[in-house]
$ cat coords.pdb   # PDB, C-alpha atoms (C1' of nucleotides)
ATOM      1  CA  MET E  23     127.795 145.142  29.434
ATOM      2  CA  SER E  24     130.321 145.565  32.214
ATOM      3  CA  GLU E  25     129.226 149.197  32.514
ATOM      4  CA  LEU E  26     126.454 148.149  34.869
ATOM      5  CA  ALA E  27     128.899 146.198  37.007
ATOM      6  CA  SER E  28     131.441 148.989  37.284
ATOM      7  CA  LEU E  29     128.824 151.605  38.168
ATOM      8  CA  THR E  30     127.229 149.350  40.749
ATOM      9  CA  THR E  31     130.567 148.379  42.250
ATOM     10  CA  ALA E  32     131.618 152.020  42.536
ATOM     11  CA  TRP E  33     128.383 152.760  44.367
ATOM     12  CA  TYR E  34     128.922 149.711  46.598
ATOM     13  CA  ASP E  35     132.403 150.911  47.527
ATOM     14  CA  THR E  36     130.926 153.925  49.309
ATOM     15  CA  HIS E  37     127.427 152.759  50.253
ATOM     16  CA  ALA E  38     127.691 149.124  51.318
ATOM     17  CA  ARG E  39     126.199 148.276  54.674
ATOM     18  CA  ASP E  40     128.728 147.241  57.285
ATOM     19  CA  LEU E  41     127.574 143.642  57.701
ATOM     20  CA  PRO E  42     129.775 141.466  59.919
ATOM     21  CA  TRP E  43     129.972 138.491  57.538
ATOM     22  CA  ARG E  44     131.507 140.836  54.953
ATOM     23  CA  ALA E  45     134.539 141.616  57.117
ATOM     24  CA  PRO E  46     137.762 140.609  55.345
ATOM     25  CA  ASP E  47     138.907 138.190  58.050
ATOM     26  CA  VAL E  48     135.667 136.190  58.118
ATOM     27  CA  GLY E  49     136.122 132.593  56.997
ATOM     28  CA  ALA E  50     134.098 130.494  54.602
ATOM     29  CA  TRP E  51     132.173 128.730  57.374
ATOM     30  CA  PRO E  52     130.759 131.916  58.930
ATOM     31  CA  VAL E  53     129.875 133.084  55.433
ATOM     32  CA  LEU E  54     128.081 129.806  54.800
ATOM     33  CA  VAL E  55     126.197 130.168  58.088
ATOM     34  CA  SER E  56     125.113 133.677  57.105
ATOM     35  CA  GLU E  57     123.858 132.463  53.733
ATOM     36  CA  PHE E  58     121.762 129.720  55.321
ATOM     37  CA  MET E  59     120.236 132.213  57.741
ATOM     38  CA  LEU E  60     119.598 134.786  55.037
ATOM     39  CA  GLN E  61     117.544 132.362  52.961
ATOM     40  CA  GLN E  62     114.176 134.139  53.139
ATOM     41  CA  THR E  63     115.001 135.946  56.396
ATOM     42  CA  PRO E  64     115.811 139.688  56.621
ATOM     43  CA  VAL E  65     119.294 140.869  57.591
ATOM     44  CA  VAL E  66     118.244 142.610  60.807
ATOM     45  CA  ARG E  67     116.833 139.424  62.245
ATOM     46  CA  VAL E  68     119.826 137.346  61.212
ATOM     47  CA  LEU E  69     122.477 139.583  62.782
ATOM     48  CA  PRO E  70     122.167 138.609  66.473
ATOM     49  CA  VAL E  71     121.659 134.910  65.774
ATOM     50  CA  TRP E  72     124.625 134.781  63.399
ATOM     51  CA  ARG E  73     126.901 136.329  66.037
ATOM     52  CA  GLU E  74     125.767 133.765  68.557
ATOM     53  CA  TRP E  75     126.310 130.861  66.167
ATOM     54  CA  VAL E  76     129.785 131.782  64.956
ATOM     55  CA  ALA E  77     130.932 132.438  68.529
ATOM     56  CA  ARG E  78     129.546 129.116  69.724
ATOM     57  CA  TRP E  79     130.445 127.021  66.678
ATOM     58  CA  PRO E  80     133.450 128.683  64.990
ATOM     59  CA  ALA E  81     134.119 125.673  62.733
ATOM     60  CA  PRO E  82     131.946 123.020  61.072
ATOM     61  CA  ALA E  83     133.326 120.359  63.423
ATOM     62  CA  ASP E  84     132.096 122.326  66.439
ATOM     63  CA  LEU E  85     128.526 122.158  65.186
ATOM     64  CA  ALA E  86     128.795 118.616  63.849
ATOM     65  CA  VAL E  87     129.462 117.181  67.316
ATOM     66  CA  GLU E  88     126.262 118.739  68.667
ATOM     67  CA  GLU E  89     122.836 117.171  68.523
ATOM     68  CA  SER E  90     120.701 118.653  65.745
ATOM     69  CA  GLY E  91     118.236 119.719  68.425
ATOM     70  CA  GLU E  92     120.801 122.216  69.696
ATOM     71  CA  ALA E  93     120.906 123.791  66.246
ATOM     72  CA  ILE E  94     117.110 123.951  66.129
ATOM     73  CA  ARG E  95     116.981 125.563  69.552
ATOM     74  CA  ALA E  96     119.707 128.070  68.701
ATOM     75  CA  TRP E  97     117.921 128.900  65.462
ATOM     76  CA  GLY E  98     115.435 130.806  67.590
ATOM     77  CA  ARG E  99     112.740 132.561  65.618
ATOM     78  CA  LEU E 100     114.477 132.906  62.278
ATOM     79  CA  GLY E 101     111.787 130.780  60.703
ATOM     80  CA  TYR E 102     111.957 127.737  58.432
ATOM     81  CA  PRO E 103     113.678 125.642  61.115
ATOM     82  CA  ARG E 104     114.403 122.918  58.589
ATOM     83  CA  ARG E 105     117.287 125.192  57.622
ATOM     84  CA  ALA E 106     118.786 124.622  61.068
ATOM     85  CA  MET E 107     118.621 120.881  60.529
ATOM     86  CA  ARG E 108     120.144 121.200  57.090
ATOM     87  CA  LEU E 109     122.917 123.443  58.345
ATOM     88  CA  HIS E 110     123.709 120.881  61.018
ATOM     89  CA  ALA E 111     123.694 118.130  58.384
ATOM     90  CA  CYS E 112     125.853 120.353  56.211
ATOM     91  CA  ALA E 113     128.414 120.707  59.003
ATOM     92  CA  THR E 114     128.495 116.935  59.358
ATOM     93  CA  ALA E 115     128.994 116.524  55.618
ATOM     94  CA  LEU E 116     131.818 119.069  55.646
ATOM     95  CA  VAL E 117     133.594 117.044  58.339
ATOM     96  CA  GLU E 118     132.993 113.717  56.616
ATOM     97  CA  ARG E 119     133.714 114.731  53.041
ATOM     98  CA  HIS E 120     135.985 117.757  53.211
ATOM     99  CA  GLY E 121     138.034 117.504  56.377
ATOM    100  CA  GLY E 122     135.920 120.102  58.133
ATOM    101  CA  GLU E 123     136.541 122.731  55.454
ATOM    102  CA  VAL E 124     134.146 124.456  53.072
ATOM    103  CA  PRO E 125     134.999 123.145  49.584
ATOM    104  CA  ARG E 126     136.050 125.440  46.762
ATOM    105  CA  ARG E 127     134.332 123.561  43.929
ATOM    106  CA  LEU E 128     130.802 124.277  42.739
ATOM    107  CA  ASP E 129     129.812 120.622  42.330
ATOM    108  CA  GLN E 130     130.966 119.860  45.868
ATOM    109  CA  MET E 131     129.059 122.835  47.247
ATOM    110  CA  LEU E 132     125.875 121.858  45.416
ATOM    111  CA  ALA E 133     126.081 118.354  46.874
ATOM    112  CA  LEU E 134     125.815 119.681  50.443
ATOM    113  CA  PRO E 135     122.487 119.555  52.316
ATOM    114  CA  GLY E 136     120.541 122.807  52.119
ATOM    115  CA  VAL E 137     122.898 124.314  49.553
ATOM    116  CA  GLY E 138     121.243 125.212  46.264
ATOM    117  CA  ASP E 139     122.131 127.246  43.198
ATOM    118  CA  TYR E 140     122.182 130.531  45.067
ATOM    119  CA  THR E 141     123.978 129.547  48.280
ATOM    120  CA  ALA E 142     126.650 127.496  46.519
ATOM    121  CA  ARG E 143     127.709 130.363  44.285
ATOM    122  CA  ALA E 144     127.293 133.007  46.972
ATOM    123  CA  VAL E 145     129.728 131.228  49.277
ATOM    124  CA  LEU E 146     132.262 130.604  46.527
ATOM    125  CA  ALA E 147     132.082 134.244  45.476
ATOM    126  CA  PHE E 148     131.981 135.938  48.867
ATOM    127  CA  ALA E 149     134.251 133.608  50.817
ATOM    128  CA  TYR E 150     136.721 132.620  48.104
ATOM    129  CA  GLY E 151     136.454 135.485  45.632
ATOM    130  CA  GLN E 152     135.459 133.258  42.729
ATOM    131  CA  ARG E 153     133.591 134.399  39.637
ATOM    132  CA  HIS E 154     130.063 132.957  39.585
ATOM    133  CA  PRO E 155     126.653 134.401  38.754
ATOM    134  CA  VAL E 156     125.134 134.880  42.212
ATOM    135  CA  VAL E 157     121.442 135.116  41.485
ATOM    136  CA  ASP E 158     119.007 135.823  44.274
ATOM    137  CA  THR E 159     115.723 137.695  44.296
ATOM    138  CA  ASN E 160     117.520 141.054  44.509
ATOM    139  CA  VAL E 161     119.797 140.382  41.570
ATOM    140  CA  ARG E 162     116.952 139.040  39.468
ATOM    141  CA  ARG E 163     114.935 142.185  40.140
ATOM    142  CA  VAL E 164     117.844 144.496  39.307
ATOM    143  CA  ALA E 165     118.580 142.594  36.104
ATOM    144  CA  ALA E 166     114.931 142.495  35.074
ATOM    145  CA  ARG E 167     114.459 146.220  35.548
ATOM    146  CA  THR E 168     117.684 147.513  34.087
ATOM    147  CA  VAL E 169     118.132 145.080  31.222
ATOM    148  CA  THR E 170     114.677 143.968  30.141
ATOM    149  CA  GLY E 171     112.622 146.855  31.492
ATOM    150  CA  ALA E 172     110.219 144.609  33.389
ATOM    151  CA  PRO E 173     109.035 145.808  36.818
ATOM    152  CA  ASP E 174     109.984 142.505  38.381
ATOM    153  CA  ALA E 175     111.607 139.166  37.662
ATOM    154  CA  GLY E 176     109.834 135.932  36.849
ATOM    155  CA  ALA E 177     108.594 133.525  39.493
ATOM    156  CA  ALA E 178     111.644 131.273  39.549
ATOM    157  CA  THR E 179     115.321 131.531  38.701
ATOM    158  CA  THR E 180     116.003 130.169  35.242
ATOM    159  CA  PRO E 181     119.189 129.172  33.428
ATOM    160  CA  ALA E 182     118.626 132.304  31.351
ATOM    161  CA  ASP E 183     118.837 134.386  34.530
ATOM    162  CA  LEU E 184     122.185 132.808  35.374
ATOM    163  CA  ALA E 185     123.464 133.423  31.871
ATOM    164  CA  LEU E 186     122.317 137.034  31.858
ATOM    165  CA  VAL E 187     123.897 137.827  35.210
ATOM    166  CA  GLU E 188     127.064 136.006  34.211
ATOM    167  CA  SER E 189     127.288 138.218  31.139
ATOM    168  CA  LEU E 190     127.193 141.292  33.355
ATOM    169  CA  LEU E 191     130.158 140.251  35.488
ATOM    170  CA  PRO E 192     133.682 141.579  35.024
ATOM    171  CA  ALA E 193     136.200 139.037  33.786
ATOM    172  CA  ALA E 194     138.491 139.001  36.816
ATOM    173  CA  ASP E 195     137.522 136.804  39.773
ATOM    174  CA  ALA E 196     137.821 139.377  42.553
ATOM    175  CA  ALA E 197     136.035 142.076  40.578
ATOM    176  CA  ALA E 198     133.262 139.668  39.643
ATOM    177  CA  ALA E 199     132.760 138.610  43.253
ATOM    178  CA  ARG E 200     132.595 142.234  44.363
ATOM    179  CA  ALA E 201     130.154 143.062  41.572
ATOM    180  CA  SER E 202     127.936 140.191  42.721
ATOM    181  CA  ALA E 203     127.822 141.614  46.230
ATOM    182  CA  ALA E 204     127.168 145.054  44.753
ATOM    183  CA  PHE E 205     124.214 143.902  42.624
ATOM    184  CA  MET E 206     122.659 142.211  45.632
ATOM    185  CA  GLU E 207     123.161 145.287  47.776
ATOM    186  CA  LEU E 208     121.633 147.521  45.146
ATOM    187  CA  GLY E 209     118.532 145.342  45.020
ATOM    188  CA  ALA E 210     118.300 145.165  48.797
ATOM    189  CA  VAL E 211     118.820 148.862  49.499
ATOM    190  CA  LEU E 212     117.751 150.918  46.453
ATOM    191  CA  CYS E 213     116.101 148.786  43.796
ATOM    192  CA  THR E 214     113.566 147.351  46.220
ATOM    193  CA  ALA E 215     110.345 145.603  45.303
ATOM    194  CA  ARG E 216     107.856 148.131  46.609
ATOM    195  CA  THR E 217     109.619 151.473  47.068
ATOM    196  CA  PRO E 218     112.564 151.795  44.685
ATOM    197  CA  ARG E 219     114.742 154.867  45.173
ATOM    198  CA  CYS E 220     115.628 155.500  41.562
ATOM    199  CA  GLU E 221     116.911 159.063  42.273
ATOM    200  CA  SER E 222     119.842 157.577  44.175
ATOM    201  CA  CYS E 223     120.523 154.667  41.837
ATOM    202  CA  PRO E 224     123.898 154.498  40.082
ATOM    203  CA  LEU E 225     122.172 152.788  37.132
ATOM    204  CA  ARG E 226     119.405 155.357  36.656
ATOM    205  CA  ALA E 227     120.830 156.573  33.361
ATOM    206  CA  HIS E 228     121.042 153.015  32.017
ATOM    207  CA  CYS E 229     117.849 151.503  33.369
ATOM    208  CA  LYS E 230     115.329 150.376  30.786
ATOM    209  CA  TRP E 231     112.583 150.171  33.379
ATOM    210  CA  ARG E 232     113.123 153.756  34.535
ATOM    211  CA  ALA E 233     113.258 154.958  30.938
ATOM    212  CA  SER E 234     109.785 153.517  30.430
ATOM    213  CA  GLY E 235     108.314 155.177  33.516
ATOM    214  CA  ALA E 236     109.233 152.753  36.333
ATOM    215  CA  ALA E 237     105.661 151.660  36.866
ATOM    216  CA  LEU E 238     105.199 149.228  39.735
ATOM    217  CA  PRO E 239     103.096 146.117  39.093
ATOM    218  CA  GLU E 240      99.381 146.527  39.695
ATOM    219  CA  GLY E 241      98.428 143.555  41.827
ATOM    220  CA  PRO E 242     100.552 141.032  43.682
ATOM    221  CA  SER E 243     103.509 139.943  41.612
ATOM    222  CA  ARG E 244     103.644 136.602  43.327
ATOM    223  CA  LYS E 245     101.136 134.106  44.588
ATOM    224  CA  PRO E 246      99.573 135.095  47.887
ATOM    225  CA  GLN E 247     101.548 133.696  50.782
ATOM    226  CA  ARG E 248      99.106 132.628  53.443
ATOM    227  CA  TYR E 249     100.228 131.868  56.949
ATOM    228  CA  ALA E 250      97.376 132.262  59.421
ATOM    229  CA  GLY E 251      95.594 128.964  59.819
ATOM    230  CA  THR E 252      98.097 126.926  57.833
ATOM    231  CA  ASP E 253     100.000 123.864  58.921
ATOM    232  CA  ARG E 254     103.082 126.076  58.907
ATOM    233  CA  GLN E 255     101.652 128.148  61.697
ATOM    234  CA  VAL E 256     100.721 125.086  63.722
ATOM    235  CA  ARG E 257     104.174 123.569  63.219
ATOM    236  CA  GLY E 258     105.692 126.819  64.407
ATOM    237  CA  LEU E 259     103.547 126.844  67.536
ATOM    238  CA  LEU E 260     104.352 123.227  68.358
ATOM    239  CA  LEU E 261     108.055 123.712  67.793
ATOM    240  CA  ALA E 262     108.095 126.850  69.947
ATOM    241  CA  VAL E 263     106.814 124.791  72.872
ATOM    242  CA  LEU E 264     109.564 122.200  72.385
ATOM    243  CA  ARG E 265     112.282 124.841  71.926
ATOM    244  CA  HIS E 266     111.526 126.321  75.299
ATOM    245  CA  ALA E 267     111.072 123.059  77.157
ATOM    246  CA  PRO E 268     114.018 121.665  79.151
ATOM    247  CA  GLY E 269     113.025 118.083  78.337
ATOM    248  CA  PRO E 270     110.424 115.935  76.563
ATOM    249  CA  VAL E 271     106.927 117.366  76.505
ATOM    250  CA  ALA E 272     103.675 115.477  77.060
ATOM    251  CA  ARG E 273     100.624 115.756  74.832
ATOM    252  CA  PRO E 274      98.555 118.203  76.894
ATOM    253  CA  ALA E 275     101.274 120.868  76.628
ATOM    254  CA  LEU E 276     101.164 120.516  72.836
ATOM    255  CA  ASP E 277      97.396 120.260  72.556
ATOM    256  CA  VAL E 278      96.858 123.746  73.968
ATOM    257  CA  VAL E 279      98.561 125.497  71.057
ATOM    258  CA  TRP E 280      95.874 124.638  68.482
ATOM    259  CA  ALA E 281      92.227 123.731  68.854
ATOM    260  CA  ASP E 282      91.760 121.662  65.694
ATOM    261  CA  ALA E 283      93.001 118.207  66.668
ATOM    262  CA  VAL E 284      93.123 116.915  63.093
ATOM    263  CA  GLN E 285      95.351 119.730  61.916
ATOM    264  CA  ARG E 286      97.412 119.548  65.094
ATOM    265  CA  GLU E 287      98.113 115.857  64.578
ATOM    266  CA  ARG E 288      98.972 116.439  60.944
ATOM    267  CA  ALA E 289     101.435 119.169  61.882
ATOM    268  CA  LEU E 290     103.064 117.043  64.563
ATOM    269  CA  ALA E 291     103.315 114.103  62.182
ATOM    270  CA  SER E 292     105.040 116.279  59.605
ATOM    271  CA  LEU E 293     107.492 117.572  62.208
ATOM    272  CA  LEU E 294     108.288 113.965  63.115
ATOM    273  CA  ALA E 295     108.675 113.075  59.448
ATOM    274  CA  ASP E 296     111.062 115.983  58.985
ATOM    275  CA  GLY E 297     113.124 114.909  61.989
ATOM    276  CA  LEU E 298     112.574 118.238  63.703
ATOM    277  CA  VAL E 299     110.812 116.403  66.530
ATOM    278  CA  VAL E 300     111.426 112.926  67.935
ATOM    279  CA  PRO E 301     109.172 110.810  70.177
ATOM    280  CA  HIS E 302     110.205 109.915  73.716
ATOM    281  CA  GLY E 303     107.659 107.278  74.607
ATOM    282  CA  GLU E 304     104.415 109.190  74.982
ATOM    283  CA  ARG E 305     106.225 112.504  74.913
ATOM    284  CA  TYR E 306     108.021 114.608  72.300
ATOM    285  CA  ALA E 307     111.238 116.594  72.127
ATOM    286  CA  LEU E 308     113.795 118.176  69.847
ATOM    287  CA  PRO E 309     116.368 115.666  68.551
ATOM    288  CA  GLY E 310     118.958 114.701  71.140
ATOM    289  CA  THR E 311     117.000 115.928  74.126
ATOM    290  CA  PRO E 312     117.810 113.661  77.098
ATOM    291  CA  SER E 313     114.850 111.841  78.584
ATOM    292  CA  SER E 314     113.931 113.244  81.944
ATOM    293  CA  SER E 315     112.319 111.477  84.880
ATOM    294  CA  GLN E 316     110.344 114.645  85.498
ATOM    295  CA  PRO E 317     107.586 114.929  82.880
ATOM    296  CA  VAL E 318     107.064 118.470  81.727
TER     297      VAL E 318
ATOM    298  C1'  DC F   3     106.953 123.449  37.361
ATOM    299  C1'  DA F   4     104.052 124.325  41.554
ATOM    300  C1'  DT F   5     103.956 123.819  46.284
ATOM    301  C1'  DA F   6     105.381 123.527  51.204
ATOM    302  C1'  DC F   7     108.076 125.502  54.414
ATOM    303  C1'  DG F   8     108.280 130.419  59.690
ATOM    304  C1'  DT F   9     108.336 134.749  61.339
ATOM    305  C1'  DG F  10     107.893 139.547  61.918
ATOM    306  C1'  DG F  11     108.291 144.279  59.979
ATOM    307  C1'  DT F  12     106.135 147.723  56.979
ATOM    308  C1'  DA F  13     102.705 150.188  54.113
TER     309       DA F  13
ATOM    310  C1'  DT O   7      94.124 145.513  59.684
ATOM    311  C1'  DT O   8      95.174 142.837  55.786
ATOM    312  C1'  DA O   9      98.704 141.827  52.680
ATOM    313  C1'  DC O  10     103.092 142.024  50.848
ATOM    314  C1'  DC O  11     107.653 140.680  51.335
ATOM    315  C1'  DA O  12     112.435 139.143  53.020
ATOM    316  C1'  DA O  13     120.342 136.904  50.524
ATOM    317  C1'  DG O  14     115.915 129.869  48.752
ATOM    318  C1'  DT O  15     115.762 124.712  48.878
ATOM    319  C1'  DA O  16     113.709 120.291  48.293
ATOM    320  C1'  DT O  17     110.278 117.560  46.385
TER     321       DT O  17
END

$ encode --input "coords.pdb" --output "structure tokens"
Amino acid sequence: MSELASLTTAWYDTHARDLPWRAPDVGAWPVLVSEFMLQQTPVVRVLPVWREWVARWPAPADLAVEESGEAIRAWGRLGYPRRAMRLHACATALVERHGGEVPRRLDQMLALPGVGDYTARAVLAFAYGQRHPVVDTNVRRVAARTVTGAPDAGAATTPADLALVESLLPAADAAAARASAAFMELGAVLCTARTPRCESCPLRAHCKWRASGAALPEGPSRKPQRYAGTDRQVRGLLLAVLRHAPGPVARPALDVVWADAVQRERALASLLADGLVVPHGERYALPGTPSSSQPV
DNA sequence: CATACGTGGTA
DNA sequence: TTACCAAGTAT
């Protein structure tokens, strides 16, 4: 089964995108930062923010001494700002538990805030060259199409997915880590969800899905992902106001972002519950924002 | 196991 | 223009 890995790795050797977190001298912390940012956010939007973060906070300890509100502000418009909070909490945990280093053990990685099955293995593979099944949406799609012939993977990552991908990896650590990057790249660049470029694929002669006609799914393969009118949108609007404010913000400045007061209050309450926003008397701010005598 | 959680580009 | 989709995690 290593045929798929060797073909994909050979393709990767000549076609990989030149992404900065893949440079050989990049440490485990910048790799970890990239993985947090890449959770559900496209590469092109991550690039500028990642550069800013690793220049500003080159080690976990540099971020850990900041207020979490600084992380939220620097997160910009990457989306899912809870990731910024978790990355800040992760930096703190790295300082407290691991001397400011990124650990090399899977169980220690999985115990970190915001680090799940994918991120833990991705960092160990890409930063430390370890052999782990690195299973993201790209890899699951590539495996589903080539191996099982399905047009897409199931809704969630299963232990069977991990086992299947693990069985595809070369035995040696470094080769396995490179194959993991190669499978992801293949899914991101060629074996895409909507417009696969099978003509250019190094696996075209081995792909069960292509052999059966490579038919794309009829309707939506996943549940519809609404945004307009949801609490998520309202949270985003509220947080955008606070990100751009120099200090605590009074109610009227928040009220203007959404007409429905019930939904607005619910969104603000959830931001407070998440710790993304903290009260300053009658006003609100990102965590760690100094109180100002000049109401905004 | 399903659901909540941002944002913007592309077809 | 609507709708899909993008290197997931926590609950």

$ resolve_selection --input "coords.pdb" --expression "the PyMOL selection byres ((chain E) within 12 of (chain F))" --output "ChimeraX atom specification"
/E:61-68,97-105,177-180,216-217,245,247-250,252-262,289,292-293,296

$ write_last_selection --input "coords.pdb" --atoms "C-alpha atoms" --output "mmCIF file, keeping the file's coordinate frame"
data_model
loop_
_atom_site.group_PDB
_atom_site.id
_atom_site.type_symbol
_atom_site.label_atom_id
_atom_site.label_comp_id
_atom_site.auth_asym_id
_atom_site.auth_seq_id
_atom_site.Cartn_x
_atom_site.Cartn_y
_atom_site.Cartn_z
ATOM 1 C CA GLN E 61 117.544 132.362 52.961
ATOM 2 C CA GLN E 62 114.176 134.139 53.139
ATOM 3 C CA THR E 63 115.001 135.946 56.396
ATOM 4 C CA PRO E 64 115.811 139.688 56.621
ATOM 5 C CA VAL E 65 119.294 140.869 57.591
ATOM 6 C CA VAL E 66 118.244 142.610 60.807
ATOM 7 C CA ARG E 67 116.833 139.424 62.245
ATOM 8 C CA VAL E 68 119.826 137.346 61.212
ATOM 9 C CA TRP E 97 117.921 128.900 65.462
ATOM 10 C CA GLY E 98 115.435 130.806 67.590
ATOM 11 C CA ARG E 99 112.740 132.561 65.618
ATOM 12 C CA LEU E 100 114.477 132.906 62.278
ATOM 13 C CA GLY E 101 111.787 130.780 60.703
ATOM 14 C CA TYR E 102 111.957 127.737 58.432
ATOM 15 C CA PRO E 103 113.678 125.642 61.115
ATOM 16 C CA ARG E 104 114.403 122.918 58.589
ATOM 17 C CA ARG E 105 117.287 125.192 57.622
ATOM 18 C CA ALA E 177 108.594 133.525 39.493
ATOM 19 C CA ALA E 178 111.644 131.273 39.549
ATOM 20 C CA THR E 179 115.321 131.531 38.701
ATOM 21 C CA THR E 180 116.003 130.169 35.242
ATOM 22 C CA ARG E 216 107.856 148.131 46.609
ATOM 23 C CA THR E 217 109.619 151.473 47.068
ATOM 24 C CA LYS E 245 101.136 134.106 44.588
ATOM 25 C CA GLN E 247 101.548 133.696 50.782
ATOM 26 C CA ARG E 248 99.106 132.628 53.443
ATOM 27 C CA TYR E 249 100.228 131.868 56.949
ATOM 28 C CA ALA E 250 97.376 132.262 59.421
ATOM 29 C CA THR E 252 98.097 126.926 57.833
ATOM 30 C CA ASP E 253 100.000 123.864 58.921
ATOM 31 C CA ARG E 254 103.082 126.076 58.907
ATOM 32 C CA GLN E 255 101.652 128.148 61.697
ATOM 33 C CA VAL E 256 100.721 125.086 63.722
ATOM 34 C CA ARG E 257 104.174 123.569 63.219
ATOM 35 C CA GLY E 258 105.692 126.819 64.407
ATOM 36 C CA LEU E 259 103.547 126.844 67.536
ATOM 37 C CA LEU E 260 104.352 123.227 68.358
ATOM 38 C CA LEU E 261 108.055 123.712 67.793
ATOM 39 C CA ALA E 262 108.095 126.850 69.947
ATOM 40 C CA ALA E 289 101.435 119.169 61.882
ATOM 41 C CA SER E 292 105.040 116.279 59.605
ATOM 42 C CA LEU E 293 107.492 117.572 62.208
ATOM 43 C CA ASP E 296 111.062 115.983 58.985
#

$ resolve_selection --input "coords.pdb" --expression "the PyMOL selection byres ((chain O) within 6 of (chain E))" --output "PDB file with C-alpha atoms (C1' of nucleotides), in the frame of the given file"
ATOM      1  C1'  DA O  12     112.435 139.143  53.020  1.00  0.00           C
ATOM      2  C1'  DA O  13     120.342 136.904  50.524  1.00  0.00           C
ATOM      3  C1'  DG O  14     115.915 129.869  48.752  1.00  0.00           C
TER       4       DG O  14
END

$ axis_aligned_box --input "coords.pdb" --around "range 7-15 of chain O" --padding-each-side "4 Å" --output "AutoDock Vina command-line options"
--center_x 107.2 --center_y 135.1 --center_z 54.2 --size_x 34.2 --size_y 28.8 --size_z 18.9

$ atom_distance --input "coords.pdb" --atom1 "CA of Glu118 in chain E" --atom2 "CA of Asp84 in chain E"
13.1 Å

$ resolve_selection --input "coords.pdb" --expression "the PyMOL selection byres ((chain E and resi 43) around 7)" --output "VMD selection string"
chain E and resid 41 to 42 44 to 45 48 52 to 53 56

$ atom_distance --input "coords.pdb" --atom1 "CA of Val145 in chain E" --atom2 "CA of Ala50 in chain E"
6.9 Å

$ closest_residue --input "coords.pdb" --among "E:Met107, E:Ala182, E:Cys213, E:Ala113" --to "Pro80 in chain E" --atoms "all atoms listed in the file"
E:Ala113

$ atom_distance --input "coords.pdb" --atom1 "CA of Ala237 in chain E" --atom2 "CA of Thr36 in chain E"
28.3 Å

$ closest_residue --input "coords.pdb" --among "E:Cys223, E:Trp72, E:Asp195, E:Ala295" --to "Val211 in chain E" --atoms "only C-alpha atoms"
E:Cys223

$ decode --input "coords.pdb" --residues "chain F" --atoms "C-alpha atoms (C1' of nucleotides)" --output "compact mmCIF listing (two decimals), in the first residue's frame"
# COMPACT_ATOMS: atom_id res chain seq x y z
C1' DC F 3 -22.90 11.69 17.52
C1' DA F 4 -24.77 16.34 16.24
C1' DT F 5 -24.10 21.01 16.87
C1' DA F 6 -21.89 25.58 17.60
C1' DC F 7 -18.33 28.24 16.29
C1' DG F 8 -16.21 33.37 11.69
C1' DT F 9 -15.01 34.97 7.51
C1' DG F 10 -14.39 35.61 2.74
C1' DG F 11 -13.43 33.62 -1.89
C1' DT F 12 -15.38 31.06 -5.78
C1' DA F 13 -18.72 28.87 -8.96
